[in-house]
Structures are given as structure tokens and as C-alpha cells.
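Containing mmCIF, C-alpha atoms and all ligand atoms: run36.cif.
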data_input
#
loop_
_atom_site.label_atom_id
_atom_site.label_comp_id
_atom_site.auth_asym_id
_atom_site.auth_seq_id
_atom_site.Cartn_x
_atom_site.Cartn_y
_atom_site.Cartn_z
CA MET A 1 19.60 11.67 -19.84
CA ARG A 2 16.38 9.88 -20.63
CA GLN A 3 16.19 8.24 -24.05
CA PHE A 4 13.29 8.81 -26.38
CA GLY A 5 10.48 6.36 -25.65
CA GLU A 6 11.77 5.51 -22.22
CA ALA A 7 9.24 5.65 -19.41
CA PRO A 8 9.58 8.69 -17.17
CA PRO A 9 11.14 7.90 -13.80
CA PRO A 10 8.49 6.94 -11.27
CA ALA A 11 7.42 9.81 -9.06
CA THR A 12 8.66 9.52 -5.51
CA PHE A 13 6.22 8.53 -2.80
CA PHE A 14 6.08 12.11 -1.52
CA GLU A 15 5.42 13.52 -4.99
CA ARG A 16 2.54 11.13 -5.50
CA LEU A 17 1.14 11.92 -2.09
CA LYS A 18 1.42 15.62 -2.80
CA GLU A 19 -0.19 15.26 -6.19
CA GLY A 20 -3.07 13.26 -4.71
CA LEU A 21 -3.53 15.65 -1.85
CA ALA A 22 -3.37 18.66 -4.13
CA LYS A 23 -7.03 17.83 -4.67
CA SER A 24 -7.58 18.18 -0.93
CA ALA A 25 -5.45 21.30 -0.90
CA GLY A 26 -7.72 22.57 -3.65
CA THR A 27 -10.70 21.94 -1.42
CA LEU A 28 -8.83 23.55 1.44
CA GLY A 29 -9.58 26.68 -0.57
CA LEU A 30 -6.20 27.98 0.44
CA ALA A 31 -5.58 29.68 -2.86
CA ASP A 32 -8.26 32.27 -2.09
CA ILE A 33 -7.21 32.73 1.49
CA LEU A 34 -3.54 33.00 0.72
CA VAL A 35 -3.90 36.13 -1.37
CA ARG A 36 -5.02 38.02 1.71
CA LYS A 37 -2.48 40.08 3.51
CA LYS A 38 -3.88 40.49 6.99
CA LEU A 39 -4.72 37.76 9.48
CA ASP A 40 -7.97 39.51 10.41
CA ALA A 41 -11.28 38.07 11.60
CA GLU A 42 -12.45 37.47 8.05
CA THR A 43 -9.32 35.56 7.06
CA VAL A 44 -9.36 33.48 10.24
CA GLN A 45 -13.02 32.63 9.63
CA ALA A 46 -12.36 31.71 6.00
CA LEU A 47 -9.45 29.49 7.04
CA GLU A 48 -11.58 27.73 9.64
CA GLU A 49 -14.35 27.10 7.12
CA ALA A 50 -11.87 25.81 4.57
CA LEU A 51 -10.47 23.31 7.09
CA ILE A 52 -13.96 22.10 7.98
CA ARG A 53 -14.78 21.66 4.27
CA ALA A 54 -11.59 19.62 3.96
CA ASP A 55 -12.91 17.13 6.56
CA LEU A 56 -10.52 18.05 9.39
CA GLY A 57 -13.45 18.23 11.80
CA ALA A 58 -14.99 21.35 13.33
CA MET A 59 -13.17 21.20 16.66
CA THR A 60 -9.76 20.60 15.15
CA ALA A 61 -10.37 23.34 12.57
CA ARG A 62 -11.21 25.79 15.33
CA GLU A 63 -8.23 24.80 17.45
CA ILE A 64 -5.80 25.05 14.56
CA THR A 65 -7.04 28.45 13.40
CA ALA A 66 -7.11 29.76 16.97
CA THR A 67 -3.50 28.69 17.47
CA ILE A 68 -2.47 30.30 14.21
CA ALA A 69 -4.25 33.57 15.00
CA ARG A 70 -2.94 33.75 18.56
CA GLY A 71 -0.17 36.28 18.77
CA ARG A 72 -0.45 37.09 15.07
CA TYR A 73 -3.93 38.56 14.99
CA ASP A 74 -4.26 41.50 12.60
CA GLU A 75 -0.67 41.08 11.54
CA ASP A 76 0.36 41.04 7.92
CA ILE A 77 1.20 37.55 6.80
CA SER A 78 2.38 36.23 3.47
CA GLY A 79 0.63 33.33 1.80
CA ALA A 80 3.73 31.16 2.04
CA GLU A 81 4.10 31.94 5.73
CA LEU A 82 0.47 31.08 6.46
CA ARG A 83 0.83 27.79 4.58
CA ARG A 84 3.98 26.96 6.54
CA ILE A 85 2.34 27.70 9.90
CA LEU A 86 -0.75 25.72 8.91
CA ALA A 87 1.40 22.72 7.96
CA GLU A 88 3.22 22.99 11.29
CA GLU A 89 -0.03 23.02 13.26
CA ILE A 90 -1.48 20.07 11.34
CA ALA A 91 1.76 18.12 11.83
CA ARG A 92 1.54 18.81 15.57
CA VAL A 93 -2.00 17.39 15.65
CA LEU A 94 -0.93 14.34 13.61
CA ALA A 95 2.32 13.58 15.45
CA PRO A 96 0.82 11.16 18.01
CA ALA A 97 -0.55 9.01 15.16
CA GLU A 98 2.92 8.52 13.66
CA LYS A 99 3.70 5.07 15.00
CA PRO A 100 5.13 2.22 12.93
CA LEU A 101 3.71 -1.27 13.04
CA VAL A 102 6.13 -3.01 15.36
CA ILE A 103 6.47 -6.78 15.12
CA ASP A 104 7.11 -8.09 18.61
CA ARG A 105 9.55 -10.93 18.02
CA SER A 106 8.73 -12.48 21.38
CA LYS A 107 5.33 -13.37 19.92
CA LYS A 108 5.85 -16.20 17.52
CA PRO A 109 3.94 -15.99 15.37
CA PHE A 110 2.91 -12.35 15.65
CA VAL A 111 -0.68 -12.31 14.38
CA VAL A 112 -2.06 -9.38 12.40
CA LEU A 113 -5.77 -9.30 11.60
CA VAL A 114 -6.71 -6.99 8.74
CA ALA A 115 -10.25 -5.64 8.47
CA GLY A 116 -12.18 -3.09 6.45
CA VAL A 117 -15.20 -2.65 4.20
CA ASN A 118 -15.02 -4.03 0.68
CA GLY A 119 -12.63 -2.48 -1.75
CA THR A 120 -10.65 -0.37 0.73
CA GLY A 121 -7.43 -2.22 -0.09
CA LYS A 122 -7.11 -4.95 2.56
CA THR A 123 -5.78 -7.66 0.28
CA THR A 124 -3.27 -5.48 -1.54
CA THR A 125 -2.14 -3.93 1.75
CA ILE A 126 -1.49 -7.43 3.13
CA GLY A 127 0.53 -8.23 0.02
CA LYS A 128 2.60 -5.08 0.37
CA ILE A 129 3.18 -5.60 4.11
CA ALA A 130 4.14 -9.25 3.46
CA SER A 131 6.78 -8.12 0.96
CA LYS A 132 8.20 -5.57 3.36
CA LEU A 133 8.32 -8.07 6.23
CA GLY A 134 9.88 -10.69 3.98
CA ARG A 135 12.61 -8.27 3.02
CA ASP A 136 13.21 -7.54 6.71
CA GLY A 137 13.89 -11.24 7.23
CA HIS A 138 10.55 -12.32 8.68
CA LYS A 139 9.00 -15.63 7.68
CA VAL A 140 5.44 -14.71 6.74
CA LEU A 141 2.25 -16.70 6.31
CA ILE A 142 -0.85 -15.13 4.77
CA ALA A 143 -4.21 -16.58 5.79
CA ALA A 144 -6.77 -16.14 3.03
CA GLY A 145 -9.63 -15.42 5.42
CA ASP A 146 -11.80 -13.81 2.76
CA THR A 147 -13.42 -17.09 1.84
CA PHE A 148 -16.41 -15.22 0.45
CA ARG A 149 -14.71 -14.06 -2.73
CA ALA A 150 -12.92 -16.73 -4.80
CA ALA A 151 -10.72 -14.18 -6.57
CA ALA A 152 -9.28 -13.03 -3.23
CA ILE A 153 -7.36 -16.30 -2.89
CA GLU A 154 -5.79 -15.93 -6.33
CA GLN A 155 -4.98 -12.29 -5.62
CA LEU A 156 -3.16 -13.35 -2.43
CA GLN A 157 -1.30 -16.12 -4.19
CA VAL A 158 0.18 -13.59 -6.60
CA TRP A 159 1.31 -11.40 -3.72
CA GLY A 160 2.48 -14.44 -1.75
CA LYS A 161 4.73 -15.53 -4.59
CA ARG A 162 6.15 -12.05 -4.91
CA ALA A 163 6.75 -11.83 -1.16
CA ASP A 164 7.95 -15.41 -0.81
CA ALA A 165 5.21 -15.96 1.77
CA GLU A 166 3.12 -19.07 2.22
CA VAL A 167 -0.58 -18.54 1.49
CA PHE A 168 -2.91 -20.65 3.58
CA ALA A 169 -6.21 -20.99 1.74
CA ARG A 170 -9.32 -23.14 1.53
CA ALA A 171 -12.06 -23.53 -1.01
CA PRO A 172 -14.43 -20.56 -1.32
CA GLY A 173 -17.22 -20.71 1.22
CA ALA A 174 -15.08 -22.30 3.96
CA ASP A 175 -15.53 -21.06 7.51
CA ALA A 176 -13.19 -18.08 7.96
CA ALA A 177 -12.65 -18.55 11.69
CA GLY A 178 -11.79 -22.22 11.19
CA LEU A 179 -9.35 -21.26 8.46
CA ALA A 180 -7.69 -18.67 10.70
CA PHE A 181 -7.35 -21.29 13.46
CA ASP A 182 -5.74 -23.84 11.15
CA ALA A 183 -3.49 -21.19 9.59
CA LEU A 184 -2.19 -20.27 13.02
CA MET A 185 -1.56 -23.94 13.89
CA ARG A 186 0.31 -24.34 10.61
CA ALA A 187 2.32 -21.17 11.32
CA ARG A 188 3.37 -22.54 14.70
CA GLN A 189 4.55 -25.78 13.15
CA SER A 190 6.47 -24.09 10.36
CA GLY A 191 8.30 -21.59 12.57
CA THR A 192 6.54 -18.61 11.01
CA ASP A 193 7.24 -15.17 12.46
CA VAL A 194 4.20 -13.24 11.25
CA VAL A 195 0.70 -14.31 10.23
CA LEU A 196 -1.35 -11.82 8.22
CA ILE A 197 -5.06 -12.64 8.17
CA ASP A 198 -7.09 -11.27 5.27
CA THR A 199 -10.84 -10.92 5.85
CA ALA A 200 -13.94 -10.39 3.77
CA GLY A 201 -15.12 -6.83 3.22
CA ARG A 202 -18.57 -7.81 2.15
CA LEU A 203 -20.80 -10.50 3.55
CA GLN A 204 -24.56 -10.91 3.44
CA ASN A 205 -24.88 -7.88 5.69
CA LYS A 206 -22.93 -5.68 8.08
CA ALA A 207 -23.98 -7.64 11.17
CA GLY A 208 -22.71 -10.83 9.54
CA LEU A 209 -19.40 -9.20 8.71
CA MET A 210 -18.86 -7.93 12.24
CA ALA A 211 -19.92 -11.25 13.76
CA GLU A 212 -17.40 -13.07 11.58
CA LEU A 213 -14.57 -10.74 12.59
CA GLY A 214 -15.41 -11.19 16.25
CA LYS A 215 -15.47 -14.95 15.75
CA ILE A 216 -12.05 -15.00 14.04
CA ALA A 217 -10.56 -13.03 16.94
CA ARG A 218 -12.16 -15.34 19.51
CA VAL A 219 -11.17 -18.56 17.79
CA ILE A 220 -7.48 -17.72 17.38
CA LYS A 221 -7.33 -16.87 21.09
CA LYS A 222 -7.79 -20.57 21.74
CA ILE A 223 -4.28 -21.03 20.38
CA ASP A 224 -2.77 -17.81 21.69
CA PRO A 225 -4.80 -15.78 24.19
CA ALA A 226 -2.81 -12.66 23.27
CA ALA A 227 -3.64 -12.95 19.55
CA PRO A 228 -4.44 -11.10 17.39
CA HIS A 229 -1.48 -8.94 18.41
CA ALA A 230 -2.45 -6.25 15.92
CA VAL A 231 -5.81 -5.46 14.34
CA LEU A 232 -5.53 -3.08 11.42
CA LEU A 233 -8.46 -1.28 9.85
CA VAL A 234 -7.91 -0.35 6.21
CA LEU A 235 -9.68 2.85 5.15
CA ASP A 236 -10.09 4.28 1.66
CA ALA A 237 -9.20 7.98 1.70
CA THR A 238 -11.72 8.78 -1.00
CA THR A 239 -14.66 7.91 1.26
CA GLY A 240 -14.14 11.02 3.40
CA GLN A 241 -16.34 11.41 6.48
CA ASN A 242 -17.63 7.84 6.27
CA ALA A 243 -14.27 6.66 7.58
CA ILE A 244 -15.31 7.84 11.05
CA VAL A 245 -18.39 5.60 11.04
CA GLN A 246 -16.24 2.70 9.83
CA VAL A 247 -13.76 3.08 12.69
CA GLU A 248 -16.64 3.14 15.18
CA ALA A 249 -18.38 0.11 13.69
CA PHE A 250 -15.25 -2.05 13.46
CA SER A 251 -14.02 -1.03 16.91
CA ALA A 252 -17.25 -2.40 18.33
CA ALA A 253 -16.60 -5.80 16.69
CA VAL A 254 -12.91 -6.13 17.53
CA PRO A 255 -10.56 -3.71 19.32
CA LEU A 256 -8.45 -1.96 16.68
CA THR A 257 -4.76 -1.29 17.23
CA GLY A 258 -4.00 0.77 14.12
CA LEU A 259 -5.17 2.26 10.85
CA VAL A 260 -4.00 2.11 7.26
CA MET A 261 -5.24 4.74 4.82
CA THR A 262 -5.09 3.86 1.12
CA LYS A 263 -5.81 5.69 -2.14
CA LEU A 264 -4.37 9.02 -1.13
CA ASP A 265 -3.39 9.32 -4.78
CA GLY A 266 -7.00 9.40 -5.92
CA SER A 267 -9.62 12.06 -5.41
CA ALA A 268 -8.32 12.01 -1.90
CA LYS A 269 -9.94 13.66 1.03
CA GLY A 270 -6.77 13.62 3.07
CA GLY A 271 -8.16 15.93 5.73
CA ILE A 272 -10.14 13.03 7.14
CA LEU A 273 -6.90 11.55 8.45
CA VAL A 274 -6.54 14.60 10.70
CA ALA A 275 -10.09 14.13 11.99
CA LEU A 276 -9.43 10.44 12.67
CA ALA A 277 -6.16 11.13 14.44
CA THR A 278 -7.86 13.56 16.81
CA LYS A 279 -11.08 11.62 17.36
CA PHE A 280 -9.56 8.19 17.94
CA ALA A 281 -6.18 7.81 19.57
CA LEU A 282 -5.16 5.18 17.01
CA PRO A 283 -1.79 4.96 15.28
CA VAL A 284 -1.74 5.35 11.51
CA HIS A 285 0.77 2.68 10.50
CA PHE A 286 0.79 3.06 6.73
CA ILE A 287 -0.56 5.25 3.97
CA GLY A 288 -0.98 4.21 0.35
CA VAL A 289 -0.70 6.16 -2.86
CA GLY A 290 -1.03 3.41 -5.46
CA GLU A 291 -1.06 -0.24 -6.29
CA SER A 292 2.60 -1.27 -6.21
CA GLU A 293 4.55 -2.33 -3.15
CA ASP A 294 6.49 0.90 -2.83
CA ASP A 295 3.23 2.83 -2.87
CA LEU A 296 2.58 1.79 0.72
CA GLN A 297 4.81 3.59 3.21
CA PRO A 298 4.88 4.31 6.94
CA PHE A 299 2.91 7.41 7.88
CA VAL A 300 5.04 10.50 8.57
CA ALA A 301 3.06 13.36 10.13
CA ASP A 302 5.29 16.17 8.96
CA ALA A 303 5.43 15.03 5.32
CA PHE A 304 1.69 14.41 5.26
CA ALA A 305 0.91 17.88 6.65
CA LYS A 306 3.21 19.50 4.10
CA ALA A 307 1.59 17.58 1.24
CA LEU A 308 -1.91 18.37 2.50
CA THR A 309 -1.30 22.09 2.70
CA GLY A 310 0.98 22.29 -0.30
CA ALA A 311 3.70 23.71 1.96
CA ALA A 312 6.54 21.83 0.31
N1 LIG B 401 -5.02 4.07 -6.54
C1 LIG B 401 -4.88 3.22 -5.53
N2 LIG B 401 -5.45 2.01 -5.61
C2 LIG B 401 -5.30 1.17 -4.57
C3 LIG B 401 -4.57 1.51 -3.41
N3 LIG B 401 -4.63 0.46 -2.56
C4 LIG B 401 -5.37 -0.49 -3.17
N4 LIG B 401 -5.79 -0.07 -4.39
C5 LIG B 401 -6.63 -0.78 -5.35
O1 LIG B 401 -7.95 -0.89 -4.85
C6 LIG B 401 -8.57 -2.07 -5.34
C7 LIG B 401 -9.15 -2.87 -4.18
O2 LIG B 401 -8.07 -3.39 -3.44
P1 LIG B 401 -8.18 -4.73 -2.62
O3 LIG B 401 -6.89 -4.90 -1.91
O4 LIG B 401 -8.66 -5.84 -3.46
O5 LIG B 401 -9.31 -4.31 -1.58
P2 LIG B 401 -10.01 -5.22 -0.50
O6 LIG B 401 -10.29 -4.37 0.68
O7 LIG B 401 -9.25 -6.45 -0.27
O8 LIG B 401 -11.40 -5.56 -1.26
P3 LIG B 401 -12.44 -6.74 -0.93
O9 LIG B 401 -11.65 -7.98 -0.77
O10 LIG B 401 -13.35 -6.75 -2.11
O11 LIG B 401 -13.14 -6.35 0.31
C8 LIG B 401 -7.51 -2.80 -6.12
O12 LIG B 401 -7.67 -2.53 -7.49
C9 LIG B 401 -6.21 -2.20 -5.61
O13 LIG B 401 -5.16 -2.28 -6.53
C10 LIG B 401 -3.96 2.83 -3.36
O14 LIG B 401 -3.31 3.24 -2.39
N5 LIG B 401 -4.16 3.61 -4.45
MG MG B 402 -9.77 -8.43 -0.44
#

Show me, as C-alpha cells, the structure contained in the file I just sent.
Amino acid sequence: MRQFGEAPPPATFFERLKEGLAKSAGTLGLADILVRKKLDAETVQALEEALIRADLGAMTAREITATIARGRYDEDISGAELRRILAEEIARVLAPAEKPLVIDRSKKPFVVLVAGVNGTGKTTTIGKIASKLGRDGHKVLIAAGDTFRAAAIEQLQVWGKRADAEVFARAPGADAAGLAFDALMRARQSGTDVVLIDTAGRLQNKAGLMAELGKIARVIKKIDPAAPHAVLLVLDATTGQNAIVQVEAFSAAVPLTGLVMTKLDGSAKGGILVALATKFALPVHFIGVGESEDDLQPFVADAFAKALTGAA
């Protein structure tokens, strides 16, 4: 039994996800819909509108509601049953995005470039991934490619220490592509397995940011034409629809191989992940529900759909 004054046990990852997404589930407007008894035209319409409001995207919303109504139209349905079926359909849509980040050990080092607009969680995500990889026995080097913000280097050093990973950094203002190049050379010499490259989220302007990313990718190819082996875009779940524009903009600068969605514990608009999964055939490698290492976990479609709809 817990003693007086002792901190409550930390909520499990799923509980935190569910709690965060309860805000989305609130916007799903399911509470109103779920009191209805018949799956009639009005209910189907209301469900479709609720899914669109929750950022799932109009096409996906229509497909999901059509699938649910098919064969059940005008039937009586309990709220719990409707929620269960909805979760099942959303999980089906999300299933192709459930792909872990696989480190190909034949690539040594395996180079991961991490991009995203400012504040989405790039640096902390790198720290968390470094810790996980370290625990799996990988020798990790973090390249502090955000040379724009001095504090980013310090932030990485804290994570690096925790993860037992070397942090390769230069003075603020250094050329990011040059730093990435030297970091990769260093990684080759030191027998490093994985290089994680942090990047700036804010430069003078968007064109500058995209140009720098493209340059980093080009420059490291001089050492390894197959690098970067993974390019992750970190998205903040609270930005909603804007995530779509971000994927498009970054894809144009450097071909993305996967997504990470953070801050699903906040005022999350979790439905956007469904829209992203259908619009872009990109894996979602990790989702985040907080600031500590354990708050970043591989994406599991079924659990996410259940949390989003409040089905579990
Ligand atoms: N609540 C919550 N906070 C998070 C999560 N992930 C990151 N953060 C916080 O978001 C803030 C920004 O994270 P950073 O990792 O510095 O973001 P960044 O993309 O590197 O930012 P810039 O370097 O400024 O572009 C920090 O305070 C993190 O602790 C998450 O899943 N949930
Ligand atoms: Mg950063």
C-alpha cells in the first residue's frame, strides 16, 4: 500500500495516451452520438461530421462511417458497440503505419537525420531514442546539428550523458552540414553503430531551413551515398491540421522515411495522425506523451485507436 506523502505511481504509457486523447475523444463528439440507439442516416451523418471535426480528414471520415453503416444500417446499436466498431475501423486504417524504426546493422554507422519545425520535440526525441538504442547495445553518437541555438548543445549533452552517447558539437553558429560530415567521420573511426543528427527548427526563414536540411543530406552522402538511412520528421500533435503542410514542406527538402508524433498528452488533436497515415504512406515510428524517456514509445495502431475513441 502507498504510504502517506508518497508520489502516486506513474501512469502507464497507455493511460497517459488515453488521458491526452480524451480531449480528442471529447472533440469526436462521441458522447452525443453514443446515446442514440439506431444507426440511421442522422447518426451516420453526425458520426462523419464528428470524425471530420477531429481532424481525421473528410475522405477517411466518409470511408470509416460508410464501412460502419454497411450491413448495420437502421439497426439498433449500443454506444459501447459503436465505439468498439469505430476503434476497429480506425485501427485498420492505421495498421500500415505501425512500423518500428529498424536499425540495419549492415550499415555502420546507421545514420538518422531528425527534422521538424521549432519546438516539436526533435532534441528530446533524439535523447529518448539514444537511450533506447544504448540499452539495446548500440554505440550511439549524437551530432548537435542545431548550431543555431546554443542551448540545444547543452540539452543534448544532458541526454547524451544519460544515454551514455557521445555528443559531437561545435560552437554556436558553425556550419551544420560541415558538422554532420565531421560527426560521421568521427563515428566511423570510433566504431559507432548509430548516428543521430539533430537539426535546427528555426532559421532565418523557411527556405533557409529547408536548404540547410538538403545540404546536410547531400554532404553526408559524400561519406556514405546511402546515408541518411532514416529521415524522421517530428510533429507536435497539438498543431492539428498544420502537420499535413509540414510533411509536404519537409518531404520536398529531403525524402522522409518516417514520422514521430509528440505531445499526445497535451491538448492533443490525435485524429490528425489518422489523416497523416492515410494521406502519406509513411510509417509512424514513435509517439510521445511526455518529457521522460519512457514517454516515447513505438506506435501501436490498435492501442492508439482504442485511446482515441475511448474504447478501452
Ligand atoms: N508534454 C510533452 N512535452 C514534450 C513532448 N516531447 C517534447 N516535449 C517538450 O517540448 C519542448 C520542446 O522540445 P525540444 O525537444 O526542445 O524541441 P525541438 O524540436 O528540439 O525544438 P527546437 O530545437 O527549438 O526546434 C520541451 O520542453 C520538451 O520537453 C511530449 O511528448 N509531451
Ligand atoms: Mg532542438

Worksheet item: Mind listing the residues within 10 Å of ligand MG 402 (chain B), all atoms listed in the file counted, as a PyMOL selection string?
Response: chain A and resi 114-126+144-153+155-156+198-202

Worksheet item: Using all atoms listed in the file, which of A:Ile287, A:Leu39, A:Ala253, A:Ala177 sits nearest Val234 (chain A)?
Response: A:Ile287

Worksheet item: List as a PyMOL selection string: which residues have an atom within 9 Å of (-8.6, -11.0, 16.8), counting only C-alpha atoms?
Response: chain A and resi 111-113+213-221+226-231+254-255

Worksheet entry | Coordinates-based distance that separates CA of Lys269 (chain A) from CA of Ile244 (chain A) (Å, one decimal) | 12.8 Å

Discussion item. I'd like the neighbourhood of Lys38 (chain A) as number ranges by chain, where a residue qualifies if any of its atoms comes within 8 Å (using all atoms listed in the file), though same-chain residues fewer than 2 positions away should be ignored.
Written reply: A: 36, 40, 43, 74-77

Worksheet entry | Å distance separating CA of Arg186 (chain A) from CA of Ile142 (chain A), one decimal place |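 Separation between CA of Arg186 (chain A) and CA of Ile142 (chain A): 11.0 Å.
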
Fill in: Counting only C-alpha atoms, the option among A:Thr192, A:Ser251, A:Gln157, A:Thr262 closest to Gly20 (chain A)
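Among A:Thr192, A:Ser251, A:Gln157, A:Thr262, it is A:Thr262 that comes nearest to Gly20 (chain A).
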
Worksheet item: Hey, can you check how far CA of Ala87 (chain A) sits from atom C4 of ligand LIG 401 (chain B)?
Response: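 If I compute the distance from CA of Ala87 (chain A) to atom C4 of ligand LIG 401 (chain B), I get 26.6 Å.
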
Worksheet item: Hey, which of A:Ala275, A:Ala301, A:Ala61, A:Leu233 ends up closest to ligand LIG 401 (chain B)? Count all atoms listed in the file.
Response: A:Leu233

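Ranking A:Phe14, A:Leu86, A:Ile197, A:Lys206 by their shortest atom-to-atom distance to Glu48 (chain A), with only C-alpha atoms included, puts A:Leu86 first.
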
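Taking only C-alpha atoms and all ligand atoms into account, ligand LIG 401 (chain B) lies nearest to A:Leu17 out of the set A:Ala305, A:Leu17, A:Val140, A:Ala176.
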